[in-house]
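K.L.:
You'll find start.tsv just under this line, and it carries TSV, C-alpha atoms.
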chain	number	residue	atom	x	y	z
A	1	MET	CA	-41.77	59.62	-106.53
A	2	LEU	CA	-39.70	62.19	-108.41
A	3	ALA	CA	-42.78	63.48	-110.23
A	4	SER	CA	-44.65	63.72	-106.93
A	5	THR	CA	-41.79	65.69	-105.40
A	6	SER	CA	-41.68	68.03	-108.39
A	7	LEU	CA	-45.45	68.61	-108.16
A	8	SER	CA	-45.15	69.30	-104.44
A	9	HIS	CA	-42.32	71.78	-105.08
A	10	LEU	CA	-44.34	73.46	-107.84
A	11	ARG	CA	-47.36	73.70	-105.53
A	12	ARG	CA	-45.21	75.39	-102.87
A	13	LEU	CA	-43.89	77.85	-105.42
A	14	LEU	CA	-47.41	78.70	-106.59
A	15	ILE	CA	-48.59	79.22	-103.02
A	16	ALA	CA	-45.59	81.43	-102.27
A	17	ALA	CA	-46.25	83.46	-105.41
A	18	ALA	CA	-49.90	83.87	-104.42
A	19	VAL	CA	-48.92	85.03	-100.94
A	20	LEU	CA	-46.48	87.56	-102.40
A	21	ALA	CA	-49.11	88.78	-104.82
A	22	CYS	CA	-51.63	89.24	-102.00
A	23	GLY	CA	-49.01	91.06	-99.97
A	24	GLY	CA	-48.37	93.36	-102.89
A	25	MET	CA	-52.08	94.02	-103.25
A	26	VAL	CA	-52.38	94.90	-99.56
A	27	GLN	CA	-49.42	97.24	-99.84
A	28	ALA	CA	-50.83	98.81	-103.01
A	29	GLN	CA	-54.19	99.30	-101.34
A	30	GLN	CA	-52.76	101.01	-98.23
A	31	VAL	CA	-54.74	104.19	-97.59
A	32	PHE	CA	-53.83	107.18	-95.45
A	33	ARG	CA	-57.08	108.60	-94.05
A	34	ILE	CA	-57.61	112.13	-92.82
A	35	THR	CA	-60.64	113.80	-91.28
A	36	ALA	CA	-61.66	117.16	-89.86
A	37	ILE	CA	-64.07	118.41	-87.25
A	38	PRO	CA	-67.27	119.42	-89.10
A	39	ASP	CA	-67.11	123.11	-88.20
A	40	GLU	CA	-68.36	124.11	-91.66
A	41	SER	CA	-70.72	122.64	-94.24
A	42	PRO	CA	-69.78	119.21	-95.71
A	43	THR	CA	-69.33	120.70	-99.19
A	44	GLU	CA	-66.93	123.35	-97.89
A	45	LEU	CA	-64.90	120.79	-95.94
A	46	ALA	CA	-64.63	118.55	-99.02
A	47	ARG	CA	-63.59	121.52	-101.19
A	48	LYS	CA	-60.87	122.49	-98.71
A	49	ALA	CA	-59.59	118.92	-98.44
A	50	GLU	CA	-59.28	118.01	-102.13
A	51	PRO	CA	-55.99	119.82	-102.99
A	52	LEU	CA	-54.44	118.78	-99.67
A	53	VAL	CA	-55.30	115.13	-100.38
A	54	LYS	CA	-53.61	115.31	-103.80
A	55	TYR	CA	-50.55	117.01	-102.32
A	56	LEU	CA	-50.18	114.42	-99.55
A	57	GLU	CA	-50.60	111.54	-102.00
A	58	ARG	CA	-47.58	112.82	-103.89
A	59	LYS	CA	-45.52	113.50	-100.77
A	60	LEU	CA	-46.38	110.29	-98.89
A	61	GLU	CA	-46.45	108.12	-102.00
A	62	MET	CA	-49.67	106.42	-101.00
A	63	LYS	CA	-53.38	106.82	-101.52
A	64	VAL	CA	-54.91	109.50	-99.29
A	65	GLU	CA	-58.63	109.82	-98.54
A	66	PHE	CA	-60.64	112.49	-96.76
A	67	THR	CA	-63.15	110.75	-94.49
A	68	PRO	CA	-65.91	113.08	-93.27
A	69	VAL	CA	-67.46	112.60	-89.83
A	70	THR	CA	-70.90	113.53	-88.55
A	71	ASP	CA	-69.88	115.50	-85.47
A	72	TYR	CA	-66.96	116.63	-83.31
A	73	ALA	CA	-67.18	113.59	-81.02
A	74	ALA	CA	-66.84	111.26	-84.01
A	75	ALA	CA	-63.62	113.04	-85.07
A	76	VAL	CA	-62.20	112.42	-81.59
A	77	GLU	CA	-63.27	108.77	-81.53
A	78	THR	CA	-62.00	107.89	-85.00
A	79	LEU	CA	-58.48	109.09	-84.17
A	80	ALA	CA	-58.45	107.62	-80.66
A	81	ASN	CA	-59.49	104.25	-82.15
A	82	LYS	CA	-57.02	104.57	-85.06
A	83	GLN	CA	-59.77	104.41	-87.68
A	84	ILE	CA	-58.18	107.44	-89.33
A	85	ASP	CA	-54.54	108.52	-89.47
A	86	MET	CA	-54.68	112.30	-89.08
A	87	ALA	CA	-57.35	114.71	-87.85
A	88	TRP	CA	-57.87	118.45	-88.08
A	89	PHE	CA	-58.85	119.43	-84.54
A	90	GLY	CA	-59.70	122.62	-82.76
A	91	GLY	CA	-57.80	123.19	-79.52
A	92	PHE	CA	-60.64	121.76	-77.42
A	93	THR	CA	-61.16	118.66	-79.58
A	94	PHE	CA	-57.40	118.04	-79.36
A	95	VAL	CA	-57.67	118.18	-75.56
A	96	GLN	CA	-60.65	115.80	-75.69
A	97	ALA	CA	-58.74	113.40	-77.98
A	98	GLN	CA	-55.75	113.52	-75.65
A	99	GLN	CA	-57.99	112.61	-72.72
A	100	ARG	CA	-59.96	109.97	-74.67
A	101	SER	CA	-56.80	108.24	-75.95
A	102	GLY	CA	-54.97	108.31	-72.63
A	103	GLY	CA	-52.43	110.80	-73.92
A	104	LYS	CA	-51.72	108.84	-77.11
A	105	VAL	CA	-52.19	111.62	-79.66
A	106	ILE	CA	-49.57	114.03	-80.97
A	107	PRO	CA	-50.25	117.46	-82.48
A	108	LEU	CA	-47.90	117.86	-85.45
A	109	VAL	CA	-48.47	121.26	-87.00
A	110	GLN	CA	-50.73	124.28	-86.76
A	111	ARG	CA	-51.27	127.27	-88.99
A	112	GLU	CA	-49.21	130.29	-88.08
A	113	GLU	CA	-52.57	132.00	-87.45
A	114	ASP	CA	-53.43	129.43	-84.76
A	115	GLU	CA	-50.77	130.80	-82.42
A	116	LYS	CA	-52.92	133.89	-81.96
A	117	PHE	CA	-56.43	132.84	-82.86
A	118	ARG	CA	-59.57	134.79	-81.98
A	119	SER	CA	-63.34	134.51	-81.95
A	120	VAL	CA	-65.89	137.18	-82.84
A	121	PHE	CA	-69.35	137.95	-81.50
A	122	ILE	CA	-71.78	139.17	-84.16
A	123	THR	CA	-75.28	140.69	-84.19
A	124	THR	CA	-77.84	142.59	-86.26
A	125	GLU	CA	-79.27	144.34	-83.18
A	126	PRO	CA	-78.33	148.05	-82.86
A	127	ALA	CA	-78.74	147.91	-79.07
A	128	ILE	CA	-76.03	145.23	-78.68
A	129	ARG	CA	-72.66	146.99	-78.44
A	130	SER	CA	-70.81	144.93	-75.80
A	131	LEU	CA	-70.88	141.57	-74.05
A	132	ALA	CA	-72.84	143.15	-71.19
A	133	ASP	CA	-75.64	143.97	-73.64
A	134	LEU	CA	-76.23	140.26	-74.23
A	135	LYS	CA	-78.03	139.88	-70.90
A	136	GLY	CA	-81.59	138.79	-71.57
A	137	LYS	CA	-80.84	138.14	-75.26
A	138	THR	CA	-80.62	134.98	-77.36
A	139	LEU	CA	-77.20	133.73	-78.50
A	140	SER	CA	-75.98	130.96	-80.78
A	141	PHE	CA	-72.70	129.14	-80.31
A	142	GLY	CA	-71.44	126.62	-82.91
A	143	SER	CA	-70.87	123.04	-81.80
A	144	GLN	CA	-70.68	122.36	-78.07
A	145	SER	CA	-67.18	120.91	-78.66
A	146	SER	CA	-65.98	123.87	-80.71
A	147	THR	CA	-63.03	125.84	-79.32
A	148	SER	CA	-63.60	129.06	-81.25
A	149	GLY	CA	-67.38	128.68	-81.57
A	150	HIS	CA	-68.19	127.80	-77.96
A	151	LEU	CA	-65.48	127.12	-75.37
A	152	MET	CA	-63.44	130.30	-75.69
A	153	PRO	CA	-66.43	132.62	-76.31
A	154	ARG	CA	-68.10	131.10	-73.24
A	155	SER	CA	-64.95	131.57	-71.16
A	156	TYR	CA	-64.74	135.26	-72.12
A	157	LEU	CA	-68.41	135.74	-71.30
A	158	LEU	CA	-67.81	134.21	-67.88
A	159	ALA	CA	-64.76	136.43	-67.40
A	160	ALA	CA	-66.99	139.43	-68.16
A	161	GLY	CA	-69.39	138.34	-65.42
A	162	ILE	CA	-72.01	136.86	-67.75
A	163	ASP	CA	-73.14	133.27	-67.25
A	164	PRO	CA	-74.72	132.25	-70.58
A	165	ASP	CA	-76.98	129.65	-68.95
A	166	ARG	CA	-78.23	132.07	-66.30
A	167	ASP	CA	-78.07	135.55	-67.81
A	168	LEU	CA	-79.17	134.93	-71.41
A	169	ARG	CA	-82.77	134.32	-72.42
A	170	ARG	CA	-81.77	131.36	-74.61
A	171	VAL	CA	-78.57	129.64	-75.73
A	172	ALA	CA	-78.59	127.71	-79.02
A	173	TYR	CA	-76.01	125.53	-80.77
A	174	SER	CA	-75.95	125.81	-84.56
A	175	GLY	CA	-73.40	123.01	-85.07
A	176	ALA	CA	-71.09	125.03	-87.36
A	177	HIS	CA	-69.63	128.51	-87.76
A	178	ASP	CA	-71.37	129.32	-91.04
A	179	ALA	CA	-74.66	128.10	-89.58
A	180	THR	CA	-74.19	130.53	-86.66
A	181	VAL	CA	-73.87	133.43	-89.12
A	182	ALA	CA	-77.01	132.27	-90.94
A	183	ALA	CA	-78.93	132.11	-87.65
A	184	VAL	CA	-77.94	135.66	-86.74
A	185	ALA	CA	-78.58	137.05	-90.24
A	186	SER	CA	-82.05	135.50	-90.36
A	187	GLY	CA	-83.01	136.84	-86.93
A	188	LYS	CA	-83.34	133.41	-85.28
A	189	VAL	CA	-81.02	134.66	-82.53
A	190	ASP	CA	-79.91	138.11	-81.40
A	191	ALA	CA	-76.20	137.31	-81.52
A	192	GLY	CA	-73.68	134.58	-82.27
A	193	ALA	CA	-70.08	133.61	-81.60
A	194	LEU	CA	-67.76	132.08	-84.16
A	195	ASN	CA	-64.25	131.55	-85.54
A	196	ILE	CA	-62.72	134.80	-86.88
A	197	SER	CA	-61.22	133.17	-89.99
A	198	VAL	CA	-64.60	131.79	-91.10
A	199	TRP	CA	-66.16	135.22	-90.51
A	200	ASP	CA	-63.46	136.96	-92.56
A	201	LYS	CA	-63.86	134.41	-95.37
A	202	LEU	CA	-67.64	134.80	-95.49
A	203	VAL	CA	-67.27	138.59	-95.66
A	204	ALA	CA	-64.59	138.35	-98.37
A	205	ASP	CA	-66.78	135.98	-100.42
A	206	LYS	CA	-69.76	138.36	-99.96
A	207	LYS	CA	-71.80	135.60	-98.32
A	208	VAL	CA	-72.66	137.95	-95.45
A	209	ASP	CA	-73.31	141.71	-95.48
A	210	PRO	CA	-71.17	143.30	-92.72
A	211	SER	CA	-73.35	146.42	-92.85
A	212	LYS	CA	-76.25	144.29	-91.59
A	213	VAL	CA	-74.44	141.63	-89.55
A	214	ARG	CA	-71.60	143.25	-87.61
A	215	VAL	CA	-68.88	142.26	-85.16
A	216	PHE	CA	-69.37	143.87	-81.76
A	217	TYR	CA	-66.70	142.03	-79.78
A	218	THR	CA	-63.43	140.28	-80.68
A	219	THR	CA	-61.82	138.04	-78.07
A	220	PRO	CA	-58.19	138.11	-76.90
A	221	THR	CA	-55.91	135.60	-78.64
A	222	TYR	CA	-55.46	131.91	-77.82
A	223	PHE	CA	-53.97	128.76	-79.40
A	224	ASP	CA	-56.40	126.84	-81.55
A	225	TYR	CA	-56.46	124.41	-84.51
A	226	ASN	CA	-53.90	121.72	-85.34
A	227	TRP	CA	-53.31	118.56	-87.36
A	228	THR	CA	-53.00	115.63	-84.95
A	229	VAL	CA	-51.96	111.98	-85.36
A	230	HIS	CA	-52.07	108.92	-83.11
A	231	ALA	CA	-48.87	108.29	-81.15
A	232	ASP	CA	-48.70	104.76	-82.60
A	233	MET	CA	-47.99	106.10	-86.08
A	234	PRO	CA	-44.50	104.91	-87.14
A	235	ALA	CA	-41.95	107.67	-86.59
A	236	PRO	CA	-40.68	107.68	-90.23
A	237	LEU	CA	-44.21	108.26	-91.54
A	238	ARG	CA	-44.86	110.91	-88.90
A	239	ASP	CA	-41.66	112.73	-89.84
A	240	LYS	CA	-42.46	112.51	-93.54
A	241	LEU	CA	-45.95	113.87	-92.91
A	242	THR	CA	-44.68	116.72	-90.75
A	243	ARG	CA	-42.12	117.70	-93.37
A	244	ALA	CA	-44.78	117.66	-96.09
A	245	MET	CA	-46.98	120.06	-94.12
A	246	LEU	CA	-44.09	122.37	-93.22
A	247	ASP	CA	-42.90	122.42	-96.85
A	248	LEU	CA	-46.17	123.93	-98.11
A	249	SER	CA	-45.29	127.31	-99.56
A	250	PRO	CA	-47.28	130.10	-101.23
A	251	ALA	CA	-44.35	130.39	-103.65
A	252	THR	CA	-45.63	127.34	-105.57
A	253	ALA	CA	-49.01	127.09	-107.31
A	254	GLU	CA	-49.82	123.87	-105.44
A	255	GLY	CA	-48.78	125.25	-102.06
A	256	LYS	CA	-50.66	128.51	-102.65
A	257	GLN	CA	-53.89	126.64	-103.43
A	258	VAL	CA	-53.65	124.36	-100.38
A	259	LEU	CA	-52.73	127.17	-98.00
A	260	GLU	CA	-55.44	129.51	-99.24
A	261	LEU	CA	-58.12	126.86	-98.79
A	262	GLN	CA	-56.75	126.04	-95.33
A	263	ARG	CA	-56.77	129.81	-94.59
A	264	ALA	CA	-53.10	129.63	-93.66
A	265	THR	CA	-50.03	131.69	-94.46
A	266	ARG	CA	-47.95	128.61	-93.58
A	267	PHE	CA	-47.87	125.64	-91.21
A	268	ILE	CA	-45.52	125.61	-88.22
A	269	PRO	CA	-44.62	122.93	-85.63
A	270	THR	CA	-46.75	122.71	-82.51
A	271	LYS	CA	-46.80	120.74	-79.25
A	272	ALA	CA	-49.28	119.51	-76.67
A	273	GLU	CA	-48.19	122.12	-74.11
A	274	ASN	CA	-49.64	124.88	-76.33
A	275	TYR	CA	-53.15	123.69	-75.46
A	276	LYS	CA	-52.87	123.71	-71.67
A	277	GLY	CA	-54.72	127.04	-71.62
A	278	ILE	CA	-57.58	125.47	-73.58
A	279	GLU	CA	-57.71	122.59	-71.10
A	280	THR	CA	-57.81	125.02	-68.18
A	281	ALA	CA	-60.59	127.04	-69.82
A	282	ALA	CA	-62.59	123.86	-70.50
A	283	ARG	CA	-62.33	122.71	-66.90
A	284	SER	CA	-63.26	126.18	-65.59
A	285	ALA	CA	-66.33	126.25	-67.86
A	286	GLY	CA	-67.37	122.77	-66.71
A	287	LEU	CA	-66.93	121.30	-70.19
A	288	LEU	CA	-64.17	118.85	-69.26
A	289	LYS	CA	-64.17	116.52	-66.29
Taking this structure as input, can you express it in the form of structure tokens?
P.N.:
Amino acid sequence: MLASTSLSHLRRLLIAAAVLACGGMVQAQQVFRITAIPDESPTELARKAEPLVKYLERKLEMKVEFTPVTDYAAAVETLANKQIDMAWFGGFTFVQAQQRSGGKVIPLVQREEDEKFRSVFITTEPAIRSLADLKGKTLSFGSQSSTSGHLMPRSYLLAAGIDPDRDLRRVAYSGAHDATVAAVASGKVDAGALNISVWDKLVADKKVDPSKVRVFYTTPTYFDYNWTVHADMPAPLRDKLTRAMLDLSPATAEGKQVLELQRATRFIPTKAENYKGIETAARSAGLLK
């Protein structure tokens, strides 16, 4: 009887140890997943994400993975369904995620540049000097869900009295900002609209010749990109994440590398109210119900 009791006690201890070991494995395998709207090529997005992933792993003390998505809608869905932990959204995709999740997403930080973001219209055609000159021409936007590559350029066209679907000969969607530049440079379309920071980067990297492809209109400023999390994220983790992003500084080699790839001087706090103008523009353009 005593031996049986001892065996039973030993069995319970072994089971408890196994449970603790499994729990430790689960904790050790915890992964913090981030994604980004695919507004550039997959290789460029992965290149931009790599130093940020390493930085966040150190700051959050957990494994961090960049999880690419196929399109803008997938970025919205993965955050709304809590399949990823943090997403890089444009202003419009943030508004879509807010609507899709029933208001359960929180924008944490944005680049300082995103407080006064702009889009550019580009062309190779000498006769195109203003938005009015686009009538009867072909134009490429980026993704249909892009803030800086579609929504805001469309809203400024409408404000100028030009309905893209009525007044242009053809409207195309390239899917990404760099693809829009390629379409214009190759003559597939007469003009294109894209994010100003991508344009500036392509020019700086000599991937586009500004003497052949030129900017003919720059939009007024608006709020744009941000890093967003689901509202169900535990507050301590959210605070730790926010602090990590705000602590990025060009004064350190690590911070300089991350910020340069993110095309940011620094990250600053943001809030949902900043994107009310984007929501209004989306409803006016018929892109949000």
K.L.:
Which distance in Å separates CA of Arg118 (chain A) and CA of Gly149 (chain A), to one decimal?
P.N.:
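CA of Gly149 (chain A) lies 9.9 Å from CA of Arg118 (chain A).
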K.L.:
Would you list the contacts of His177 (chain A) as a count of residues only, taking every protein, DNA or RNA residue within 10 Å and counting only C-alpha atoms, but skipping same-chain residues closer than 3 positions in sequence?
P.N.:
26
K.L.:
Produce a table with one row for each residue of region 30-72 of chain A that has an atom at most 6 Å from any atom of region 86-100 of chain A, each row naming the nearest atom pair and its distance in Å at one decimal; use all atoms listed in the file; arrange rows by chain and rising residue number; format as a tab-separated table.
P.N.:
residue	atom	partner	partner_atom	distance
A:Ile34	CA	A:Met86	CA	4.8
A:Thr35	CA	A:Ala87	CA	4.8
A:Ala36	CA	A:Trp88	CA	4.4
A:Ile37	CA	A:Phe89	CA	6.0
K.L.:
What's around Ile122 (chain A) at 8 Å? Count all atoms listed in the file, leave out sequence neighbours fewer than 2 positions away in its own chain, and write the answer as a VMD selection string.
P.N.:
chain A and resid 120 124 181 184 191 to 193 213 to 217
K.L.:
With only C-alpha atoms as the atoms that count, which of A:Thr138, A:Gln83, A:Ser155, A:Thr265 lies nearest to Lys188 (chain A)?
P.N.:
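Closest to Lys188 (chain A), using only C-alpha atoms: A:Thr138.
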K.L.:
Smallest atom-to-atom distance to Ala159 (chain A): which of A:Gly187, A:Pro220, A:Pro210, A:Pro236, using only C-alpha atoms?
P.N.:
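Among A:Gly187, A:Pro220, A:Pro210, A:Pro236, it is A:Pro220 that comes nearest to Ala159 (chain A).
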K.L.:
Pick the closest to Gln144 (chain A) from A:Asp209, A:Asp85, A:Asp71, A:Glu61: which is it, counting only C-alpha atoms?
P.N.:
A:Asp71
K.L.:
Between CA of Ala73 (chain A) and CA of Leu237 (chain A), what distance in Å does the model show, to one decimal?
P.N.:
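Here the two named atoms are 25.8 Å from each other.
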K.L.:
Nearest to Ala244 (chain A): which of A:Ala231, A:Leu202, A:Val189, A:Ile268 is it, counting all atoms listed in the file?
P.N.:
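Looking only at the distances to Ala244 (chain A), the closest residue turns out to be A:Ile268.
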K.L.:
Just want the 12 Å neighbourhood of Ser284 (chain A), counted on all atoms listed in the file, with same-chain residues fewer than 3 positions away dropped. Output as a list in words.
P.N.:
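That gives Leu151, Met152, Arg154, Ser155, Tyr156, Leu158, Ala159, Gly277, Ile278, Glu279, Thr280, Ala281, Leu287, Leu288 and Lys289 of chain A.
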K.L.:
Give me the residues near Pro42 (chain A) as a count of residues only, where near means some atom within 10 Å (using all atoms listed in the file) and where sequence neighbours in that chain fewer than 6 positions away do not count.
P.N.:
4
K.L.:
I'd like the interatomic distance between CA of Thr123 (chain A) and CA of Ala185 (chain A), to a tenth of an Å.
P.N.:
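These atoms are spaced 7.8 Å apart.
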K.L.:
Which residues come within 12 Å of region 252-260 of chain A, counting only C-alpha atoms, excluding same-chain residues fewer than 5 positions away, as a list in words?
P.N.:
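Contacts, with the query itself left out: Arg47, Lys48, Ala49, Glu50, Pro51, Leu52, Val53, Lys54, Tyr55, Leu56, Arg58, Gln110, Arg111, Glu112, Glu113, Ser197, Lys201, Ala244, Met245, Leu246, Asp247, Thr265, Arg266 and Phe267 of chain A.
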K.L.:
Since the input lacks some atoms of region 185-204 of chain A, please model N, CA and C atoms and print them as a CSV table (one decimal), keeping the file's coordinate frame.
P.N.:
chain,number,residue,atom,x,y,z
A,185,ALA,N,-78.1,136.3,-89.1
A,185,ALA,CA,-78.6,137.0,-90.2
A,185,ALA,C,-80.1,136.9,-90.5
A,186,SER,N,-80.6,135.7,-90.2
A,186,SER,CA,-82.0,135.5,-90.4
A,186,SER,C,-82.9,135.9,-89.2
A,187,GLY,N,-82.3,136.4,-88.1
A,187,GLY,CA,-83.0,136.8,-86.9
A,187,GLY,C,-83.5,135.7,-86.0
A,188,LYS,N,-83.0,134.5,-86.2
A,188,LYS,CA,-83.3,133.4,-85.3
A,188,LYS,C,-82.8,133.6,-83.9
A,189,VAL,N,-81.6,134.3,-83.8
A,189,VAL,CA,-81.0,134.7,-82.5
A,189,VAL,C,-80.5,136.1,-82.6
A,190,ASP,N,-80.4,136.7,-81.4
A,190,ASP,CA,-79.9,138.1,-81.4
A,190,ASP,C,-78.4,138.3,-81.7
A,191,ALA,N,-77.7,137.2,-81.3
A,191,ALA,CA,-76.2,137.3,-81.5
A,191,ALA,C,-75.6,135.9,-81.7
A,192,GLY,N,-74.4,135.9,-82.1
A,192,GLY,CA,-73.7,134.6,-82.3
A,192,GLY,C,-72.2,134.7,-82.1
A,193,ALA,N,-71.5,133.6,-81.8
A,193,ALA,CA,-70.1,133.6,-81.6
A,193,ALA,C,-69.5,132.6,-82.5
A,194,LEU,N,-68.4,133.0,-83.2
A,194,LEU,CA,-67.8,132.1,-84.2
A,194,LEU,C,-66.3,132.4,-84.4
A,195,ASN,N,-65.6,131.5,-85.1
A,195,ASN,CA,-64.2,131.6,-85.5
A,195,ASN,C,-64.0,132.8,-86.4
A,196,ILE,N,-63.0,133.6,-86.1
A,196,ILE,CA,-62.7,134.8,-86.9
A,196,ILE,C,-62.3,134.5,-88.3
A,197,SER,N,-61.6,133.4,-88.6
A,197,SER,CA,-61.2,133.2,-90.0
A,197,SER,C,-62.4,132.8,-90.9
A,198,VAL,N,-63.4,132.1,-90.3
A,198,VAL,CA,-64.6,131.8,-91.1
A,198,VAL,C,-65.4,133.1,-91.4
A,199,TRP,N,-65.5,133.9,-90.3
A,199,TRP,CA,-66.2,135.2,-90.5
A,199,TRP,C,-65.5,136.0,-91.6
A,200,ASP,N,-64.2,136.2,-91.6
A,200,ASP,CA,-63.5,137.0,-92.6
A,200,ASP,C,-63.7,136.4,-94.0
A,201,LYS,N,-63.7,135.1,-94.1
A,201,LYS,CA,-63.9,134.4,-95.4
A,201,LYS,C,-65.3,134.7,-95.9
A,202,LEU,N,-66.3,134.6,-95.1
A,202,LEU,CA,-67.6,134.8,-95.5
A,202,LEU,C,-67.8,136.2,-96.0
A,203,VAL,N,-67.2,137.2,-95.3
A,203,VAL,CA,-67.3,138.6,-95.7
A,203,VAL,C,-66.6,138.8,-97.0
A,204,ALA,N,-65.4,138.2,-97.1
A,204,ALA,CA,-64.6,138.4,-98.4
A,204,ALA,C,-65.3,137.8,-99.6
